[in-house]
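Okay, structure_39.tsv is below, TSV, C-alpha atoms and all ligand atoms:
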chain	number	residue	atom	x	y	z
A	1	MET	CA	-26.80	-23.72	-5.59
A	2	PHE	CA	-26.45	-21.53	-8.67
A	3	SER	CA	-22.77	-20.90	-9.37
A	4	LEU	CA	-21.32	-18.11	-11.49
A	5	GLN	CA	-18.12	-20.01	-12.12
A	6	PRO	CA	-19.15	-21.67	-15.40
A	7	PHE	CA	-20.01	-18.27	-16.83
A	8	ARG	CA	-16.53	-16.85	-16.44
A	9	SER	CA	-15.41	-18.17	-19.81
A	10	LEU	CA	-18.76	-17.34	-21.38
A	11	LEU	CA	-18.39	-13.71	-20.35
A	12	SER	CA	-15.22	-13.35	-22.33
A	13	LEU	CA	-17.28	-14.26	-25.36
A	14	ALA	CA	-19.33	-11.13	-24.79
A	15	GLY	CA	-21.14	-11.26	-28.12
A	16	VAL	CA	-22.42	-14.80	-27.60
A	17	THR	CA	-23.43	-14.05	-24.01
A	18	THR	CA	-25.30	-10.91	-25.02
A	19	VAL	CA	-27.42	-12.92	-27.40
A	20	ALA	CA	-27.99	-15.66	-24.84
A	21	PHE	CA	-28.80	-13.56	-21.73
A	22	GLY	CA	-29.63	-10.07	-22.94
A	23	LEU	CA	-27.55	-6.98	-22.15
A	24	SER	CA	-28.70	-6.33	-18.58
A	25	ALA	CA	-28.05	-9.94	-17.57
A	26	VAL	CA	-24.51	-9.61	-18.89
A	27	ILE	CA	-23.94	-6.39	-16.94
A	28	GLN	CA	-25.28	-7.96	-13.75
A	29	LEU	CA	-23.11	-11.01	-14.16
A	30	LYS	CA	-20.06	-8.83	-14.82
A	31	LEU	CA	-20.72	-6.81	-11.67
A	32	ALA	CA	-21.13	-9.98	-9.64
A	33	LEU	CA	-17.82	-11.28	-10.95
A	34	ALA	CA	-15.91	-8.04	-10.36
A	35	GLU	CA	-13.76	-8.63	-7.29
A	36	LYS	CA	-13.51	-5.81	-4.77
A	37	PHE	CA	-10.26	-4.03	-4.09
A	38	GLY	CA	-9.83	-1.88	-0.96
A	39	TYR	CA	-7.80	1.35	-1.10
A	40	LEU	CA	-7.19	4.50	0.93
A	41	GLY	CA	-9.95	6.88	-0.15
A	42	PRO	CA	-11.96	8.86	-0.72
A	43	GLN	CA	-11.91	9.12	-4.49
A	44	GLY	CA	-8.93	11.08	-5.86
A	45	THR	CA	-6.07	9.74	-3.68
A	46	TYR	CA	-2.69	8.57	-4.89
A	47	SER	CA	-3.74	5.17	-3.57
A	48	GLU	CA	-6.63	5.21	-6.04
A	49	GLN	CA	-4.18	6.00	-8.85
A	50	ALA	CA	-1.99	3.10	-7.77
A	51	THR	CA	-5.05	0.83	-7.58
A	52	ARG	CA	-5.98	1.70	-11.18
A	53	VAL	CA	-2.43	1.00	-12.34
A	54	TYR	CA	-2.48	-2.37	-10.59
A	55	GLN	CA	-5.98	-3.23	-11.81
A	56	SER	CA	-4.95	-2.57	-15.42
A	57	THR	CA	-2.69	-5.62	-15.09
A	58	MET	CA	-5.30	-7.66	-13.16
A	59	PRO	CA	-8.53	-8.04	-15.09
A	60	GLY	CA	-11.33	-9.12	-12.78
A	61	PHE	CA	-10.46	-6.74	-9.92
A	62	GLU	CA	-12.67	-3.94	-11.05
A	63	GLN	CA	-14.54	-2.58	-8.06
A	64	ALA	CA	-12.30	-0.21	-6.11
A	65	VAL	CA	-13.68	0.27	-2.59
A	66	PRO	CA	-12.49	3.36	-0.64
A	67	TYR	CA	-11.65	3.15	3.08
A	68	ASN	CA	-10.90	6.08	5.39
A	69	THR	CA	-7.69	4.70	6.91
A	70	ILE	CA	-5.01	2.14	6.20
A	71	ALA	CA	-6.09	0.33	9.37
A	72	ALA	CA	-9.64	0.08	7.98
A	73	ILE	CA	-8.31	-1.53	4.77
A	74	ALA	CA	-6.39	-4.10	6.80
A	75	ALA	CA	-9.49	-4.79	8.93
A	76	ALA	CA	-11.60	-5.27	5.79
A	77	ILE	CA	-9.07	-7.76	4.44
A	78	LYS	CA	-9.00	-9.70	7.70
A	79	SER	CA	-12.80	-9.84	7.95
A	80	GLY	CA	-13.09	-10.95	4.32
A	81	GLU	CA	-15.08	-7.85	3.32
A	82	VAL	CA	-12.69	-7.33	0.39
A	83	PRO	CA	-10.37	-10.01	-0.99
A	84	ARG	CA	-7.55	-7.61	-1.88
A	85	GLY	CA	-6.28	-4.26	-0.73
A	86	LEU	CA	-3.57	-1.79	-1.51
A	87	ILE	CA	-1.62	0.06	1.19
A	88	PRO	CA	1.14	2.70	0.87
A	89	ILE	CA	4.39	1.43	2.28
A	90	GLU	CA	7.38	3.58	1.35
A	91	ASN	CA	8.20	6.93	-0.25
A	92	SER	CA	11.47	7.37	-2.07
A	93	ASP	CA	12.05	10.73	-0.37
A	94	SER	CA	10.76	10.34	3.18
A	95	GLY	CA	10.93	6.62	3.85
A	96	PHE	CA	8.44	4.24	5.41
A	97	VAL	CA	4.79	5.06	5.98
A	98	THR	CA	4.40	5.06	9.77
A	99	GLU	CA	0.77	3.96	9.90
A	100	THR	CA	1.46	0.87	7.81
A	101	TYR	CA	4.40	-0.17	9.99
A	102	ARG	CA	2.38	0.26	13.17
A	103	LEU	CA	-0.15	-2.14	11.70
A	104	ILE	CA	2.46	-4.75	10.88
A	105	PHE	CA	4.09	-4.60	14.28
A	106	GLN	CA	0.95	-4.18	16.39
A	107	GLU	CA	0.51	-7.93	16.64
A	108	LEU	CA	2.86	-10.80	16.08
A	109	ASP	CA	1.04	-11.60	12.86
A	110	PRO	CA	-0.82	-8.82	11.01
A	111	GLY	CA	-3.33	-11.34	9.58
A	112	TRP	CA	-2.54	-10.45	5.96
A	113	ARG	CA	0.26	-11.09	3.52
A	114	VAL	CA	1.87	-9.16	0.65
A	115	ILE	CA	1.47	-10.75	-2.77
A	116	ASP	CA	2.60	-7.92	-5.04
A	117	GLU	CA	3.65	-4.29	-5.21
A	118	VAL	CA	3.04	-1.27	-7.40
A	119	THR	CA	5.01	1.98	-7.60
A	120	ILE	CA	3.74	5.32	-8.92
A	121	PRO	CA	5.29	8.81	-9.21
A	122	ILE	CA	3.77	11.42	-6.90
A	123	ALA	CA	2.98	14.90	-8.23
A	124	SER	CA	1.45	17.30	-5.70
A	125	SER	CA	-0.82	20.28	-6.31
A	126	LEU	CA	-2.07	23.08	-4.10
A	127	LEU	CA	-5.88	23.07	-4.29
A	128	VAL	CA	-8.34	25.69	-3.06
A	129	LYS	CA	-12.01	26.56	-3.33
A	130	PRO	CA	-12.70	28.50	-6.55
A	131	GLY	CA	-11.89	32.18	-5.98
A	132	THR	CA	-9.46	31.64	-3.06
A	133	GLN	CA	-6.14	33.49	-3.55
A	134	ALA	CA	-2.81	32.36	-2.05
A	135	GLY	CA	-3.02	35.30	0.38
A	136	ASP	CA	-6.38	34.05	1.74
A	137	VAL	CA	-4.94	30.69	2.86
A	138	LYS	CA	-4.80	30.35	6.67
A	139	LYS	CA	-4.37	26.57	6.93
A	140	ILE	CA	-2.97	23.81	4.71
A	141	ILE	CA	-4.15	20.23	5.08
A	142	SER	CA	-2.98	16.93	3.66
A	143	HIS	CA	-1.76	13.41	4.38
A	144	PRO	CA	1.46	13.58	6.48
A	145	ASN	CA	3.50	11.93	3.70
A	146	ALA	CA	2.43	14.51	1.17
A	147	LEU	CA	3.20	17.36	3.61
A	148	ARG	CA	6.68	15.93	4.21
A	149	GLY	CA	7.30	15.78	0.45
A	150	LEU	CA	7.04	19.56	0.08
A	151	ALA	CA	8.29	20.87	3.42
A	152	THR	CA	10.71	23.28	1.70
A	153	TYR	CA	8.07	24.59	-0.70
A	154	LEU	CA	5.71	25.27	2.21
A	155	GLN	CA	8.45	26.88	4.28
A	156	GLN	CA	9.33	29.22	1.38
A	157	ASN	CA	5.82	30.03	0.19
A	158	PHE	CA	3.63	29.68	3.26
A	159	PRO	CA	5.80	30.29	6.32
A	160	ASN	CA	3.85	30.40	9.59
A	161	ILE	CA	0.74	28.84	8.04
A	162	PRO	CA	-0.38	25.88	10.19
A	163	LEU	CA	-0.15	22.45	8.58
A	164	VAL	CA	-2.87	20.00	9.55
A	165	GLU	CA	-2.76	16.26	8.91
A	166	ALA	CA	-5.64	14.49	7.20
A	167	ASN	CA	-6.34	10.78	6.67
A	168	SER	CA	-5.53	11.16	2.98
A	169	THR	CA	-4.84	13.82	0.36
A	170	ALA	CA	-8.35	13.43	-1.09
A	171	ALA	CA	-9.90	13.65	2.40
A	172	ALA	CA	-8.08	17.00	2.66
A	173	ALA	CA	-9.38	18.10	-0.75
A	174	LYS	CA	-12.91	17.14	0.29
A	175	GLU	CA	-12.56	19.16	3.50
A	176	VAL	CA	-11.40	22.19	1.51
A	177	SER	CA	-14.45	21.91	-0.77
A	178	ASN	CA	-16.70	21.99	2.32
A	179	GLY	CA	-14.70	24.82	3.94
A	180	ASP	CA	-14.94	28.61	4.06
A	181	GLY	CA	-12.27	29.38	1.43
A	182	THR	CA	-9.38	29.91	3.85
A	183	THR	CA	-7.93	26.39	3.66
A	184	ALA	CA	-5.85	24.72	0.96
A	185	ALA	CA	-5.16	21.04	0.35
A	186	ILE	CA	-2.07	19.31	-0.98
A	187	ALA	CA	-3.34	16.54	-3.23
A	188	ALA	CA	-3.13	14.97	-6.68
A	189	SER	CA	-4.36	17.24	-9.47
A	190	ALA	CA	-7.06	14.59	-10.14
A	191	ALA	CA	-8.65	15.49	-6.78
A	192	ALA	CA	-9.38	19.06	-8.05
A	193	LYS	CA	-11.83	17.68	-10.59
A	194	VAL	CA	-13.48	15.30	-8.12
A	195	TYR	CA	-14.11	18.00	-5.49
A	196	GLY	CA	-14.62	21.06	-7.74
A	197	LEU	CA	-11.42	22.81	-6.60
A	198	GLU	CA	-9.06	25.24	-8.29
A	199	THR	CA	-5.34	24.59	-8.67
A	200	LEU	CA	-3.06	27.36	-7.32
A	201	ALA	CA	0.16	25.47	-8.13
A	202	ASN	CA	1.13	22.17	-9.75
A	203	ASN	CA	4.15	19.89	-9.28
A	204	ILE	CA	5.21	21.55	-6.05
A	205	GLN	CA	6.94	18.54	-4.45
A	206	ASP	CA	10.48	19.44	-3.31
A	207	ASN	CA	11.99	16.55	-5.26
A	208	ASP	CA	10.41	14.16	-7.68
A	209	TYR	CA	9.58	11.04	-5.75
A	210	GLU	CA	7.62	7.83	-6.01
A	211	THR	CA	5.61	5.75	-3.59
A	212	ASN	CA	5.56	2.03	-3.32
A	213	PHE	CA	2.31	0.26	-2.41
A	214	TRP	CA	1.75	-3.33	-1.29
A	215	VAL	CA	-1.06	-5.51	-2.53
A	216	ILE	CA	-2.35	-7.45	0.46
A	217	VAL	CA	-4.54	-10.53	0.95
A	218	LYS	CA	-5.90	-12.28	4.05
A	219	THR	CA	-3.32	-14.76	5.35
A	220	ASN	CA	-5.46	-17.87	4.94
A	221	GLN	CA	-6.37	-16.84	1.38
A	222	THR	CA	-2.74	-16.35	0.37
A	223	THR	CA	-0.91	-18.61	-2.01
A	224	PHE	CA	2.61	-17.36	-2.53
A	225	THR	CA	4.31	-18.06	-5.81
A	226	ALA	CA	6.83	-20.91	-5.47
A	227	HIS	CA	9.47	-18.76	-7.21
A	228	PRO	CA	9.43	-15.29	-5.67
A	229	ASN	CA	12.20	-12.78	-6.39
A	230	HIS	CA	10.96	-10.44	-3.62
A	231	VAL	CA	10.41	-11.54	-0.04
A	232	ILE	CA	9.46	-9.58	3.08
A	233	ILE	CA	10.29	-11.01	6.46
A	234	SER	CA	9.32	-10.01	9.97
A	235	LEU	CA	11.94	-10.98	12.50
A	236	LEU	CA	11.84	-10.72	16.26
A	237	VAL	CA	15.11	-11.71	17.82
A	238	PRO	CA	16.13	-12.09	21.46
A	239	SER	CA	18.00	-9.03	22.65
A	240	GLY	CA	21.77	-9.35	22.08
A	241	SER	CA	21.47	-12.38	19.79
A	242	ARG	CA	23.19	-12.75	16.43
A	243	MET	CA	20.06	-14.04	14.83
A	244	PHE	CA	19.47	-10.98	12.65
A	245	SER	CA	22.85	-11.21	10.92
A	246	TYR	CA	22.71	-14.99	10.87
A	247	THR	CA	19.29	-15.09	9.19
A	248	VAL	CA	20.30	-12.44	6.64
A	249	ALA	CA	23.50	-14.39	5.85
A	250	GLU	CA	21.47	-17.58	5.35
A	251	LEU	CA	19.06	-15.79	3.02
A	252	GLN	CA	22.02	-14.40	1.12
A	253	ASP	CA	23.37	-17.92	0.70
A	254	VAL	CA	20.02	-18.89	-0.80
A	255	GLY	CA	20.35	-16.02	-3.33
A	256	PHE	CA	18.57	-13.01	-1.77
A	257	HIS	CA	20.09	-9.67	-0.80
A	258	VAL	CA	18.69	-7.05	1.57
A	259	VAL	CA	16.87	-4.11	-0.02
A	260	ASN	CA	15.52	-2.34	3.07
A	261	VAL	CA	15.21	-2.82	6.81
A	262	ASN	CA	12.81	-1.23	9.25
A	263	SER	CA	13.37	-1.70	12.95
A	264	THR	CA	10.81	-0.89	15.62
A	265	PRO	CA	11.55	-1.01	19.35
A	266	LEU	CA	9.68	-3.75	21.17
A	267	ASP	CA	7.32	-3.01	24.06
A	268	GLY	CA	8.38	0.62	24.10
A	269	LYS	CA	11.94	-0.32	25.11
A	270	ILE	CA	15.09	0.73	23.28
A	271	HIS	CA	17.68	-1.96	22.34
A	272	SER	CA	15.18	-4.71	21.67
A	273	TYR	CA	13.71	-4.72	18.19
A	274	ARG	CA	11.40	-6.25	15.71
A	275	TYR	CA	12.67	-6.02	12.13
A	276	LEU	CA	10.95	-5.94	8.81
A	277	ILE	CA	13.39	-6.92	6.09
A	278	GLY	CA	12.78	-6.61	2.36
A	279	LEU	CA	14.96	-8.86	0.21
A	280	LYS	CA	15.36	-9.34	-3.49
A	281	SER	CA	16.98	-11.85	-5.78
A	282	ASP	CA	18.46	-10.87	-9.12
A	283	SER	CA	18.98	-14.44	-10.22
A	284	ASN	CA	16.44	-17.18	-10.74
A	285	VAL	CA	16.52	-19.08	-7.47
A	286	SER	CA	14.95	-22.48	-7.96
A	287	ASN	CA	12.36	-23.33	-5.31
A	288	ALA	CA	13.00	-19.94	-3.70
A	289	LEU	CA	9.91	-20.10	-1.46
A	290	LYS	CA	10.90	-23.47	-0.02
A	291	LYS	CA	14.44	-22.28	0.65
A	292	VAL	CA	13.34	-19.05	2.34
A	293	ASN	CA	10.85	-20.95	4.49
A	294	ALA	CA	13.60	-23.36	5.56
A	295	VAL	CA	15.76	-20.43	6.70
A	296	LEU	CA	12.86	-18.98	8.69
A	297	LYS	CA	12.12	-22.35	10.32
A	298	ALA	CA	15.76	-22.55	11.43
A	299	ALA	CA	15.46	-19.06	12.98
A	300	GLN	CA	12.34	-20.19	14.84
A	301	ARG	CA	14.09	-23.28	16.14
A	302	SER	CA	16.80	-21.01	17.54
A	303	GLY	CA	14.26	-19.04	19.58
A	304	GLY	CA	13.41	-16.21	17.22
A	305	GLN	CA	10.07	-15.34	15.69
A	306	ALA	CA	10.31	-15.26	11.94
A	307	LEU	CA	7.37	-14.72	9.65
A	308	LEU	CA	7.13	-14.55	5.88
A	309	ILE	CA	5.04	-11.39	5.41
A	310	GLY	CA	5.29	-11.26	1.63
A	311	ALA	CA	6.58	-13.11	-1.42
A	312	TYR	CA	6.06	-12.20	-5.05
A	313	ARG	CA	7.69	-12.06	-8.44
A	314	ARG	CA	8.21	-8.70	-10.19
A	401	LIG	O1	-3.35	10.33	0.74
A	401	LIG	C1	-3.20	9.73	-0.35
A	401	LIG	O2	-3.54	10.18	-1.45
A	401	LIG	C2	-2.56	8.42	-0.32
A	401	LIG	O3	-2.82	7.61	-1.14
A	401	LIG	C3	-1.46	8.20	0.70
A	401	LIG	C4	-0.23	8.85	0.17
A	401	LIG	C5	0.09	10.16	0.53
A	401	LIG	C6	1.23	10.76	-0.01
A	401	LIG	C7	2.04	10.06	-0.89
A	401	LIG	C8	1.71	8.77	-1.24
A	401	LIG	C9	0.58	8.15	-0.71
Translate the structure of the given file into structure tokens.
Ligand SMILES: O=C(O)C(=O)Cc1ccccc1
Amino acid sequence: MFSLQPFRSLLSLAGVTTVAFGLSAVIQLKLALAEKFGYLGPQGTYSEQATRVYQSTMPGFEQAVPYNTIAAIAAAIKSGEVPRGLIPIENSDSGFVTETYRLIFQELDPGWRVIDEVTIPIASSLLVKPGTQAGDVKKIISHPNALRGLATYLQQNFPNIPLVEANSTAAAAKEVSNGDGTTAAIAASAAAKVYGLETLANNIQDNDYETNFWVIVKTNQTTFTAHPNHVIISLLVPSGSRMFSYTVAELQDVGFHVVNVNSTPLDGKIHSYRYLIGLKSDSNVSNALKKVNAVLKAAQRSGGQALLIGAYRR
């Protein structure tokens, strides 16, 4: 079968290739080689911004593919439709992104792993259809995270105006562009251009904040670096056991300290939890992956369920 692999190096020698194949052949080959990257769309989201930032450090991942929900990105990764995806995970002002955590904890194993992260600052704008005045606005729509990030602004400037959640900030902007001029969207200023909207106010977030995104890959396509300085662990411990503290202490002995912990009640019952623990190492731990895996194996032998959800070097 014809393989594109040998042409990878040729493509970097664009001049030579152009002579050999002609311009359109080069473009076609480049498109075929561009790996797809799933993100929360449509065009104009913060997720798209984060994807561009990440792609600038990852030549080859050029085709950004928008999905309507975070769950749809995860499904596309699991089915192999896209080899990589980017999902929002945590805001520095309002904490973890609920939808992402539901996905992780829905099943014992989410079917994907985290191989990197990217963080971007979030600046929010109030967008309306051209001609709409602030006094015309009867409804404000956006992604729940964005709405949370300017609760005080909305309370002070638009008290009693209903807030409606959308799948993403750009989905909200798109809805406003199709609306009757009485709705406003909270979104990135970039979305105004994409959907032909006017900006009533810029930088309206209550506090400057940033959002952290994970880069995810299908589990069986994942090769973790042998020397990660970030690891993410999912831990399910028998109720009343000391396994949480024991496992954390063991990881600390190996050279990692806890950065964040998310706990979700199991089976709808309080007092029994599944934990997602983010850990970091400030020193160079030799064979860090092997050591972390050994700690997790020990936890499993003691009756817990421990899974390495992510490992990367940053
Ligand atoms: O809706 C978006 O634009 C997203 O990418 C999700 C999101 C929403 C608010 C802050 C950060 C990410």
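The space between atom CA of Val237 of chain A and atom CA of Glu107 of chain A spans 15.1 Å.
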Query raised in the report: When the cut-off is 10 Å and you count all atoms listed in the file, which residues lie near ligand LIG 401 (chain A), shown as a PyMOL selection string?
Result: chain A and resi 39-51+68-70+86-92+94+97+119-124+142-149+166-173+186-188+191+209-213
Requested in this report: Would you list the contacts of Thr183 of chain A as a VMD selection string, taking every protein, DNA or RNA residue within 6 Å and counting only C-alpha atoms, but skipping same-chain residues closer than 6 positions in sequence?
Outcome: chain A and resid 137 to 140 176
Find the residues around Asn229 of chain A up to 10 Å (only C-alpha atoms counted), leave out those fewer than 6 positions away in its own chain, and share them as a PDB file with C-alpha atoms, in the coordinates of the input.
ATOM      1  CA  GLY A 255      20.350 -16.020  -3.330  1.00  0.00           C
ATOM      2  CA  PHE A 256      18.570 -13.010  -1.770  1.00  0.00           C
ATOM      3  CA  LEU A 279      14.960  -8.860   0.210  1.00  0.00           C
ATOM      4  CA  LYS A 280      15.360  -9.340  -3.490  1.00  0.00           C
ATOM      5  CA  SER A 281      16.980 -11.850  -5.780  1.00  0.00           C
ATOM      6  CA  ASP A 282      18.460 -10.870  -9.120  1.00  0.00           C
ATOM      7  CA  SER A 283      18.980 -14.440 -10.220  1.00  0.00           C
ATOM      8  CA  ASN A 284      16.440 -17.180 -10.740  1.00  0.00           C
ATOM      9  CA  VAL A 285      16.520 -19.080  -7.470  1.00  0.00           C
ATOM     10  CA  ALA A 288      13.000 -19.940  -3.700  1.00  0.00           C
ATOM     11  CA  LEU A 289       9.910 -20.100  -1.460  1.00  0.00           C
ATOM     12  CA  ALA A 311       6.580 -13.110  -1.420  1.00  0.00           C
ATOM     13  CA  TYR A 312       6.060 -12.200  -5.050  1.00  0.00           C
ATOM     14  CA  ARG A 313       7.690 -12.060  -8.440  1.00  0.00           C
ATOM     15  CA  ARG A 314       8.210  -8.700 -10.190  1.00  0.00           C
TER      16      ARG A 314
END
Report task. Could you tell me how far atom CA of Trp112 of chain A lies from atom CA of Ser241 of chain A, in Å and to one decimal? Result -> 27.8 Å
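For the choices A:Ala71, A:Ile77, A:Val82, A:Val258, the atom-to-atom distance to Leu103 of chain A is smallest for A:Ala71 when using all atoms listed in the file.
You can rank A:Ser79, A:Lys36, A:Ala190, A:Phe244 by their closest distance to Gly60 of chain A using all atoms listed in the file, and at the top of that list sits A:Lys36.
Proximity to Thr98 of chain A was assessed for A:Asn262, A:Thr247, A:Gln300, A:Val295 counting only C-alpha atoms; the smallest distance is recorded for A:Asn262.
The interatomic distance for the pair atom CA of Glu198 of chain A and atom CA of Pro130 of chain A works out to 5.2 Å.
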Query raised in the report: Given the choices A:Ile232, A:Val217, A:Leu296, A:Ile161, which gets closest to Ile73 of chain A if the distance is worked out from only C-alpha atoms?
Result: A:Val217
Query raised in the report: What's the 12 Å shell around Thr223 of chain A, counting only C-alpha atoms, without same-chain residues fewer than 3 positions away, as JSON, numbers by chain?
Result: {"A": [112, 113, 114, 115, 116, 216, 217, 218, 219, 220, 226, 227, 228, 289, 308, 309, 310, 311, 312]}
**Report entry** Non-local contacts of Gly278 of chain A (8 Å; only C-alpha atoms; under 3 positions in same chain excluded) as a PyMOL selection string
**Finding:** chain A and resi 230-233+258-261
Requested in this report: Pull the neighbourhood of (3.8, -10.8, 16.6) for me: all residues within 10 Å in file coordinates, counting only C-alpha atoms, as a ChimeraX atom specification.
Outcome: /A:104-110,234-236,274,305-307
Enclosing box along x, y and z for every listed atom of segment 300-312 of chain A, padded 6 Å each side, centre and size in Å, one decimal, as AutoDock Vina command-line options:
--center_x 10.9 --center_y -17.3 --center_z 7.3 --size_x 23.8 --size_y 24.0 --size_z 36.6
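For the choices A:Lys193, A:Ala299, A:Ser125, A:Ala294, the atom-to-atom distance to Ser245 of chain A is smallest for A:Ala299 when using only C-alpha atoms.
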**Report entry** Residue list as JSON, numbers by chain for point (10.7, -0.4, 10.4), cut-off 6 Å, only C-alpha atoms
**Finding:** {"A": [262, 263, 264, 276]}
Written file, previous selection with C-alpha atoms, as a CSV table (one decimal), keeping the file's coordinate frame:
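Once everything was written out, this is part10.csv:
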chain,number,residue,atom,x,y,z
A,262,ASN,CA,12.8,-1.2,9.2
A,263,SER,CA,13.4,-1.7,13.0
A,264,THR,CA,10.8,-0.9,15.6
A,276,LEU,CA,11.0,-5.9,8.8
